[in-house]
>>> print(open('final-v4.txt').read())   # compact mmCIF, C-alpha atoms and all ligand atoms
# COMPACT_ATOMS: atom_id res chain seq x y z
CA MET A 1 -29.87 -48.01 15.29
CA ASN A 2 -32.67 -47.25 12.92
CA LEU A 3 -32.64 -48.44 9.34
CA VAL A 4 -32.00 -45.09 7.65
CA LEU A 5 -28.92 -44.51 9.77
CA ARG A 6 -27.66 -47.96 9.02
CA ILE A 7 -28.09 -47.53 5.28
CA THR A 8 -26.40 -44.12 5.38
CA TYR A 9 -23.53 -45.58 7.38
CA VAL A 10 -23.00 -48.46 4.96
CA LEU A 11 -23.32 -46.13 1.98
CA LEU A 12 -20.73 -43.69 3.31
CA CYS A 13 -18.33 -46.50 4.17
CA SER A 14 -18.70 -47.97 0.68
CA LEU A 15 -18.11 -44.59 -0.93
CA PHE A 16 -15.02 -44.07 1.20
CA ILE A 17 -13.60 -47.46 0.22
CA TRP A 18 -14.42 -46.93 -3.47
CA TYR A 19 -12.82 -43.46 -3.51
CA THR A 20 -9.71 -44.62 -1.63
CA PHE A 21 -9.31 -47.57 -3.96
CA ASN A 22 -9.61 -45.29 -6.98
CA ILE A 23 -6.97 -42.89 -5.74
CA TYR A 24 -4.47 -45.68 -5.10
CA ALA A 25 -5.29 -47.45 -8.35
CA ARG A 26 -4.58 -44.31 -10.33
CA ALA A 27 -1.51 -43.16 -8.45
CA GLY A 28 0.97 -44.89 -10.73
CA GLU A 29 -0.99 -44.45 -13.95
CA LYS A 30 1.19 -41.84 -15.62
CA ARG A 31 4.55 -43.33 -14.78
CA ALA A 32 6.73 -44.12 -17.73
CA ASP A 33 9.27 -46.81 -16.99
CA ASP A 34 11.84 -46.14 -19.69
CA PHE A 35 14.31 -44.82 -17.16
CA ASP A 36 16.54 -46.48 -14.61
CA THR A 37 14.90 -45.98 -11.20
CA ASN A 38 18.11 -46.45 -9.19
CA LYS A 39 20.06 -44.08 -11.36
CA ALA A 40 17.25 -41.52 -11.16
CA ALA A 41 17.29 -41.83 -7.36
CA SER A 42 21.05 -41.15 -7.31
CA GLY A 43 20.39 -38.26 -9.68
CA ARG A 44 18.06 -36.72 -7.16
CA LEU A 45 20.97 -36.68 -4.69
CA VAL A 46 23.16 -34.98 -7.30
CA TRP A 47 20.39 -32.41 -7.78
CA GLN A 48 20.38 -31.84 -4.01
CA ASN A 49 24.17 -31.85 -3.57
CA TYR A 50 24.64 -29.10 -6.12
CA ASN A 51 21.67 -27.14 -4.80
CA CYS A 52 19.92 -26.85 -8.14
CA GLN A 53 16.67 -26.29 -6.25
CA ALA A 54 18.05 -23.06 -4.79
CA CYS A 55 17.38 -21.43 -8.16
CA HIS A 56 15.13 -23.93 -9.99
CA GLN A 57 11.70 -25.38 -9.36
CA LEU A 58 10.28 -28.83 -9.90
CA TYR A 59 6.48 -28.73 -10.08
CA GLY A 60 6.67 -25.08 -9.07
CA LEU A 61 8.62 -25.71 -5.85
CA GLY A 62 12.09 -24.30 -5.38
CA GLY A 63 13.97 -21.08 -5.99
CA TYR A 64 12.80 -18.59 -8.59
CA LEU A 65 16.00 -17.24 -10.09
CA GLY A 66 16.01 -19.87 -12.86
CA PRO A 67 13.14 -21.54 -14.75
CA ASP A 68 11.08 -24.58 -13.71
CA LEU A 69 12.91 -27.70 -14.91
CA THR A 70 10.17 -30.33 -14.51
CA ASN A 71 9.77 -30.78 -18.25
CA VAL A 72 13.03 -29.36 -19.54
CA TYR A 73 14.13 -32.83 -20.66
CA SER A 74 11.44 -33.05 -23.35
CA ALA A 75 11.09 -29.32 -24.06
CA GLY A 76 11.24 -28.52 -27.75
CA GLY A 77 14.69 -27.61 -29.03
CA LYS A 78 16.36 -28.58 -25.73
CA GLY A 79 16.97 -32.13 -24.58
CA GLU A 80 19.93 -33.89 -23.03
CA ASP A 81 22.81 -32.36 -25.03
CA TYR A 82 21.52 -28.84 -24.44
CA ILE A 83 21.10 -29.46 -20.70
CA LYS A 84 24.56 -30.99 -20.35
CA ALA A 85 26.21 -28.14 -22.23
CA LEU A 86 24.39 -25.55 -20.17
CA ILE A 87 25.37 -27.18 -16.87
CA LYS A 88 29.02 -27.35 -17.93
CA SER A 89 29.33 -23.85 -19.27
CA GLY A 90 26.79 -21.94 -17.17
CA THR A 91 25.36 -18.61 -18.28
CA LYS A 92 25.62 -15.06 -17.03
CA GLN A 93 23.19 -15.87 -14.25
CA MET A 94 23.87 -19.55 -13.66
CA PRO A 95 27.27 -20.81 -12.53
CA GLY A 96 28.85 -23.68 -14.46
CA PHE A 97 29.08 -27.01 -12.60
CA HIS A 98 31.91 -29.52 -12.86
CA LEU A 99 30.06 -32.80 -12.52
CA THR A 100 31.73 -36.17 -13.02
CA GLU A 101 30.52 -38.28 -15.96
CA LEU A 102 28.60 -40.49 -13.55
CA GLU A 103 26.95 -37.57 -11.75
CA MET A 104 25.92 -36.06 -15.07
CA GLU A 105 24.46 -39.38 -16.21
CA GLN A 106 22.51 -39.77 -12.97
CA LEU A 107 21.27 -36.19 -13.08
CA MET A 108 20.00 -36.72 -16.66
CA GLU A 109 18.15 -39.84 -15.53
CA PHE A 110 16.59 -37.84 -12.69
CA LEU A 111 15.43 -35.09 -15.05
CA LYS A 112 14.13 -37.73 -17.45
CA SER A 113 12.13 -39.46 -14.72
CA THR A 114 10.77 -36.13 -13.47
CA ASP A 115 9.71 -35.26 -16.98
CA ALA A 116 7.99 -38.62 -17.37
CA SER A 117 6.05 -38.14 -14.12
CA GLY A 118 3.78 -35.48 -15.64
CA SER A 119 3.54 -31.89 -16.72
CA ALA A 120 4.25 -28.94 -14.45
CA ASP A 121 2.17 -26.63 -16.57
CA PRO A 122 -1.13 -26.08 -14.72
CA ARG A 123 -2.86 -25.32 -18.01
CA SER A 124 -2.62 -29.01 -18.86
CA PHE A 125 -4.74 -30.05 -15.84
CA ILE A 126 -8.45 -30.65 -15.86
CA THR A 127 -10.60 -31.38 -12.82
CA THR A 128 -12.90 -34.36 -13.26
CA ARG A 129 -16.41 -34.61 -11.81
CA SER A 130 -15.13 -36.79 -8.99
CA GLY A 131 -12.74 -34.03 -7.95
CA MET A 132 -9.60 -35.69 -9.24
CA ILE A 133 -7.00 -33.95 -11.36
CA GLN A 134 -6.12 -35.35 -14.74
CA GLN A 135 -3.62 -34.28 -17.29
CA HIS A 136 -5.12 -33.94 -20.74
CA ALA A 137 -2.15 -33.01 -22.86
CA LYS A 138 1.56 -32.86 -22.45
CA GLN A 139 2.89 -29.39 -23.25
C1 LIG B 1 22.59 -19.56 -8.83
C2 LIG B 1 21.34 -20.06 -9.36
C3 LIG B 1 21.36 -21.33 -10.16
C4 LIG B 1 21.78 -22.58 -9.76
C5 LIG B 1 22.39 -22.97 -8.42
C6 LIG B 1 21.50 -23.47 -10.86
N1 LIG B 1 20.92 -22.79 -11.90
FE1 LIG B 1 20.33 -23.55 -13.67
N2 LIG B 1 19.77 -21.72 -14.32
C7 LIG B 1 19.82 -20.57 -13.54
C8 LIG B 1 19.31 -19.45 -14.34
C9 LIG B 1 19.22 -18.01 -13.87
C10 LIG B 1 18.97 -19.99 -15.61
C11 LIG B 1 18.48 -19.21 -16.82
C12 LIG B 1 19.74 -18.98 -17.60
C13 LIG B 1 19.71 -17.91 -18.60
O1 LIG B 1 18.69 -17.78 -19.29
O2 LIG B 1 20.73 -17.23 -18.71
C14 LIG B 1 19.26 -21.41 -15.56
C15 LIG B 1 19.05 -22.30 -16.59
C16 LIG B 1 19.16 -23.66 -16.49
C17 LIG B 1 18.77 -24.60 -17.52
C18 LIG B 1 18.15 -24.25 -18.88
C19 LIG B 1 16.66 -24.17 -18.70
C20 LIG B 1 15.93 -23.87 -19.98
O3 LIG B 1 14.70 -24.03 -19.97
O4 LIG B 1 16.56 -23.48 -20.96
C21 LIG B 1 19.05 -25.85 -17.05
C22 LIG B 1 18.79 -27.18 -17.75
C23 LIG B 1 19.61 -25.70 -15.72
N3 LIG B 1 19.66 -24.35 -15.44
C24 LIG B 1 20.01 -26.75 -14.94
C25 LIG B 1 20.58 -26.59 -13.68
C26 LIG B 1 21.05 -27.68 -12.87
C27 LIG B 1 20.95 -29.15 -13.24
C28 LIG B 1 21.56 -27.15 -11.74
C29 LIG B 1 22.23 -27.88 -10.61
C30 LIG B 1 23.40 -28.66 -10.96
C31 LIG B 1 21.39 -25.71 -11.82
N4 LIG B 1 20.80 -25.41 -13.01
C32 LIG B 1 21.77 -24.82 -10.83
C33 LIG B 1 20.27 -20.45 -12.26
C34 LIG B 1 20.81 -21.48 -11.50
>>> encode(input="final-v4.txt", output="structure tokens")
Amino acid sequence: MNLVLRITYVLLCSLFIWYTFNIYARAGEKRADDFDTNKAASGRLVWQNYNCQACHQLYGLGGYLGPDLTNVYSAGGKGEDYIKALIKSGTKQMPGFHLTELEMEQLMEFLKSTDASGSADPRSFITTRSGMIQQHAKQ
């Protein structure tokens, strides 16, 4: 193998390793840990059992009858009490749900952890020079 090829090969391998390392190193960067991971995991099952995703989206994925709920937990003027009341009573378009205390608690933890994982609003994303996506402000 001639020298130029060798250098190119080593360079590309190094770049690949550097880039891969960077992606993995940054993967957990934004995670807040002020929620109970186990409870949030059970909450995800509650979310699935009651088919919330049939009408709601998380990070833009799901049904489109209701709004995206990724950041509803921290949305101004809303928060946990508002969410609980809305789930219990329902609205004209959303049926009310009769969750047990435990299910409600787990669901809140799930929504809290989802909220802490980032912002679903694409306007808060910027693309860096290396091609990665960063969040510059929480909406
Ligand atoms: C049949 C469709 C449907 C299902 C199923 C449904 N929702 Fe909704 N939801 C809606 C609609 C529509 C709205 C908007 C309500 C309105 O403005 O009247 C809404 C509103 C909400 C809101 C308020 C959002 C905001 O920004 O004010 C929350 C929180 C919510 N839903 C949570 C849930 C949860 C949790 C579940 C599962 C247990 C669920 N929803 C299941 C249709 C649904």
>>> atom_distance(input="final-v4.txt", atom1="atom C2 of ligand LIG 1 (chain B)", atom2="CA of Asp121 (chain A)")
21.5 Å
>>> atom_distance(input="final-v4.txt", atom1="CA of Gln53 (chain A)", atom2="CA of Phe125 (chain A)")
23.8 Å
>>> atom_distance(input="final-v4.txt", atom1="CA of Met104 (chain A)", atom2="atom C23 of ligand LIG 1 (chain B)")
12.1 Å
>>> residues_near_ligand(input="final-v4.txt", ligand="ligand LIG 1 (chain B)", cutoff="6 Å", atoms="all atoms listed in the file", output="ChimeraX atom specification")
/A:47,50-52,54-55,65-67,72,83,87,91-94
>>> decode(input="final-v4.txt", residues="region 18-124 of chain A", atoms="C-alpha atoms", output="PDB file, in the first residue's frame")
ATOM      1  CA  TRP A  18     -13.505  10.473  17.304  1.00  0.00           C
ATOM      2  CA  TYR A  19     -16.990  11.104  15.887  1.00  0.00           C
ATOM      3  CA  THR A  20     -18.434   7.905  17.365  1.00  0.00           C
ATOM      4  CA  PHE A  21     -16.938   8.703  20.751  1.00  0.00           C
ATOM      5  CA  ASN A  22     -18.418  12.199  20.629  1.00  0.00           C
ATOM      6  CA  ILE A  23     -21.898  10.968  19.821  1.00  0.00           C
ATOM      7  CA  TYR A  24     -21.881   8.482  22.695  1.00  0.00           C
ATOM      8  CA  ALA A  25     -20.323  10.952  25.108  1.00  0.00           C
ATOM      9  CA  ARG A  26     -23.053  13.471  24.420  1.00  0.00           C
ATOM     10  CA  ALA A  27     -25.986  11.091  24.355  1.00  0.00           C
ATOM     11  CA  GLY A  28     -26.854  11.478  28.015  1.00  0.00           C
ATOM     12  CA  GLU A  29     -25.885  15.136  28.321  1.00  0.00           C
ATOM     13  CA  LYS A  30     -29.350  16.637  28.629  1.00  0.00           C
ATOM     14  CA  ARG A  31     -30.828  14.112  31.000  1.00  0.00           C
ATOM     15  CA  ALA A  32     -32.128  15.518  34.224  1.00  0.00           C
ATOM     16  CA  ASP A  33     -32.213  12.965  37.006  1.00  0.00           C
ATOM     17  CA  ASP A  34     -34.746  14.524  39.346  1.00  0.00           C
ATOM     18  CA  PHE A  35     -37.302  11.877  38.497  1.00  0.00           C
ATOM     19  CA  ASP A  36     -37.707   8.257  39.492  1.00  0.00           C
ATOM     20  CA  THR A  37     -36.589   6.150  36.512  1.00  0.00           C
ATOM     21  CA  ASN A  38     -38.552   3.039  37.518  1.00  0.00           C
ATOM     22  CA  LYS A  39     -41.717   4.977  38.116  1.00  0.00           C
ATOM     23  CA  ALA A  40     -41.289   6.779  34.795  1.00  0.00           C
ATOM     24  CA  ALA A  41     -40.869   3.407  33.063  1.00  0.00           C
ATOM     25  CA  SER A  42     -44.125   2.160  34.611  1.00  0.00           C
ATOM     26  CA  GLY A  43     -45.695   5.452  33.570  1.00  0.00           C
ATOM     27  CA  ARG A  44     -44.797   4.735  29.982  1.00  0.00           C
ATOM     28  CA  LEU A  45     -46.843   1.517  30.252  1.00  0.00           C
ATOM     29  CA  VAL A  46     -49.775   3.501  31.652  1.00  0.00           C
ATOM     30  CA  TRP A  47     -49.421   5.880  28.695  1.00  0.00           C
ATOM     31  CA  GLN A  48     -49.552   2.865  26.362  1.00  0.00           C
ATOM     32  CA  ASN A  49     -52.347   1.028  28.195  1.00  0.00           C
ATOM     33  CA  TYR A  50     -54.682   3.992  27.938  1.00  0.00           C
ATOM     34  CA  ASN A  51     -53.666   4.694  24.351  1.00  0.00           C
ATOM     35  CA  CYS A  52     -52.767   8.319  24.935  1.00  0.00           C
ATOM     36  CA  GLN A  53     -50.577   8.148  21.827  1.00  0.00           C
ATOM     37  CA  ALA A  54     -53.652   7.509  19.674  1.00  0.00           C
ATOM     38  CA  CYS A  55     -54.442  11.217  19.966  1.00  0.00           C
ATOM     39  CA  HIS A  56     -51.234  12.765  21.357  1.00  0.00           C
ATOM     40  CA  GLN A  57     -47.664  13.028  20.142  1.00  0.00           C
ATOM     41  CA  LEU A  58     -44.356  12.829  21.945  1.00  0.00           C
ATOM     42  CA  TYR A  59     -41.591  14.480  19.922  1.00  0.00           C
ATOM     43  CA  GLY A  60     -44.070  14.825  17.075  1.00  0.00           C
ATOM     44  CA  LEU A  61     -44.908  11.103  16.879  1.00  0.00           C
ATOM     45  CA  GLY A  62     -48.407   9.862  17.583  1.00  0.00           C
ATOM     46  CA  GLY A  63     -51.978  10.796  16.771  1.00  0.00           C
ATOM     47  CA  TYR A  64     -52.913  14.336  15.821  1.00  0.00           C
ATOM     48  CA  LEU A  65     -56.298  14.860  17.436  1.00  0.00           C
ATOM     49  CA  GLY A  66     -54.753  16.300  20.613  1.00  0.00           C
ATOM     50  CA  PRO A  67     -51.629  18.431  21.143  1.00  0.00           C
ATOM     51  CA  ASP A  68     -48.018  17.265  21.517  1.00  0.00           C
ATOM     52  CA  LEU A  69     -47.397  16.494  25.200  1.00  0.00           C
ATOM     53  CA  THR A  70     -43.591  16.285  25.261  1.00  0.00           C
ATOM     54  CA  ASN A  71     -43.236  19.469  27.273  1.00  0.00           C
ATOM     55  CA  VAL A  72     -46.699  19.821  28.756  1.00  0.00           C
ATOM     56  CA  TYR A  73     -45.309  19.145  32.236  1.00  0.00           C
ATOM     57  CA  SER A  74     -43.324  22.390  32.317  1.00  0.00           C
ATOM     58  CA  ALA A  75     -45.566  24.439  30.013  1.00  0.00           C
ATOM     59  CA  GLY A  76     -46.452  27.816  31.464  1.00  0.00           C
ATOM     60  CA  GLY A  77     -49.724  27.901  33.383  1.00  0.00           C
ATOM     61  CA  LYS A  78     -50.118  24.105  33.230  1.00  0.00           C
ATOM     62  CA  GLY A  79     -48.152  21.640  35.329  1.00  0.00           C
ATOM     63  CA  GLU A  80     -49.106  18.570  37.297  1.00  0.00           C
ATOM     64  CA  ASP A  81     -52.401  19.702  38.865  1.00  0.00           C
ATOM     65  CA  TYR A  82     -53.720  20.930  35.529  1.00  0.00           C
ATOM     66  CA  ILE A  83     -52.753  17.684  33.781  1.00  0.00           C
ATOM     67  CA  LYS A  84     -54.314  15.517  36.493  1.00  0.00           C
ATOM     68  CA  ALA A  85     -57.554  17.485  36.460  1.00  0.00           C
ATOM     69  CA  LEU A  86     -57.761  17.334  32.695  1.00  0.00           C
ATOM     70  CA  ILE A  87     -57.201  13.568  32.595  1.00  0.00           C
ATOM     71  CA  LYS A  88     -59.888  13.012  35.234  1.00  0.00           C
ATOM     72  CA  SER A  89     -62.527  15.267  33.765  1.00  0.00           C
ATOM     73  CA  GLY A  90     -61.744  15.111  30.041  1.00  0.00           C
ATOM     74  CA  THR A  91     -62.938  17.782  27.622  1.00  0.00           C
ATOM     75  CA  LYS A  92     -65.399  17.859  24.758  1.00  0.00           C
ATOM     76  CA  GLN A  93     -62.859  16.137  22.550  1.00  0.00           C
ATOM     77  CA  MET A  94     -60.902  14.081  25.061  1.00  0.00           C
ATOM     78  CA  PRO A  95     -62.542  11.363  27.153  1.00  0.00           C
ATOM     79  CA  GLY A  96     -61.960  11.397  30.911  1.00  0.00           C
ATOM     80  CA  PHE A  97     -59.816   8.558  32.292  1.00  0.00           C
ATOM     81  CA  HIS A  98     -60.296   6.816  35.621  1.00  0.00           C
ATOM     82  CA  LEU A  99     -56.722   6.078  36.621  1.00  0.00           C
ATOM     83  CA  THR A 100     -55.781   4.691  40.024  1.00  0.00           C
ATOM     84  CA  GLU A 101     -53.676   6.923  42.289  1.00  0.00           C
ATOM     85  CA  LEU A 102     -50.626   4.819  41.476  1.00  0.00           C
ATOM     86  CA  GLU A 103     -51.198   4.939  37.720  1.00  0.00           C
ATOM     87  CA  MET A 104     -51.640   8.702  37.872  1.00  0.00           C
ATOM     88  CA  GLU A 105     -48.433   9.071  39.878  1.00  0.00           C
ATOM     89  CA  GLN A 106     -46.501   6.914  37.412  1.00  0.00           C
ATOM     90  CA  LEU A 107     -47.941   8.746  34.422  1.00  0.00           C
ATOM     91  CA  MET A 108     -46.877  12.103  35.934  1.00  0.00           C
ATOM     92  CA  GLU A 109     -43.357  10.756  36.423  1.00  0.00           C
ATOM     93  CA  PHE A 110     -43.319   9.633  32.786  1.00  0.00           C
ATOM     94  CA  LEU A 111     -44.424  13.052  31.547  1.00  0.00           C
ATOM     95  CA  LYS A 112     -41.873  14.679  33.837  1.00  0.00           C
ATOM     96  CA  SER A 113     -39.048  12.512  32.497  1.00  0.00           C
ATOM     97  CA  THR A 114     -40.145  13.126  28.907  1.00  0.00           C
ATOM     98  CA  ASP A 115     -40.157  16.839  29.558  1.00  0.00           C
ATOM     99  CA  ALA A 116     -36.673  16.656  31.069  1.00  0.00           C
ATOM    100  CA  SER A 117     -35.326  14.794  28.026  1.00  0.00           C
ATOM    101  CA  GLY A 118     -35.478  17.892  25.813  1.00  0.00           C
ATOM    102  CA  SER A 119     -37.742  20.170  23.860  1.00  0.00           C
ATOM    103  CA  ALA A 120     -40.069  18.990  21.103  1.00  0.00           C
ATOM    104  CA  ASP A 121     -40.178  22.409  19.539  1.00  0.00           C
ATOM    105  CA  PRO A 122     -37.945  22.290  16.439  1.00  0.00           C
ATOM    106  CA  ARG A 123     -37.364  26.036  16.697  1.00  0.00           C
ATOM    107  CA  SER A 124     -35.166  25.371  19.717  1.00  0.00           C
TER     108      SER A 124
END
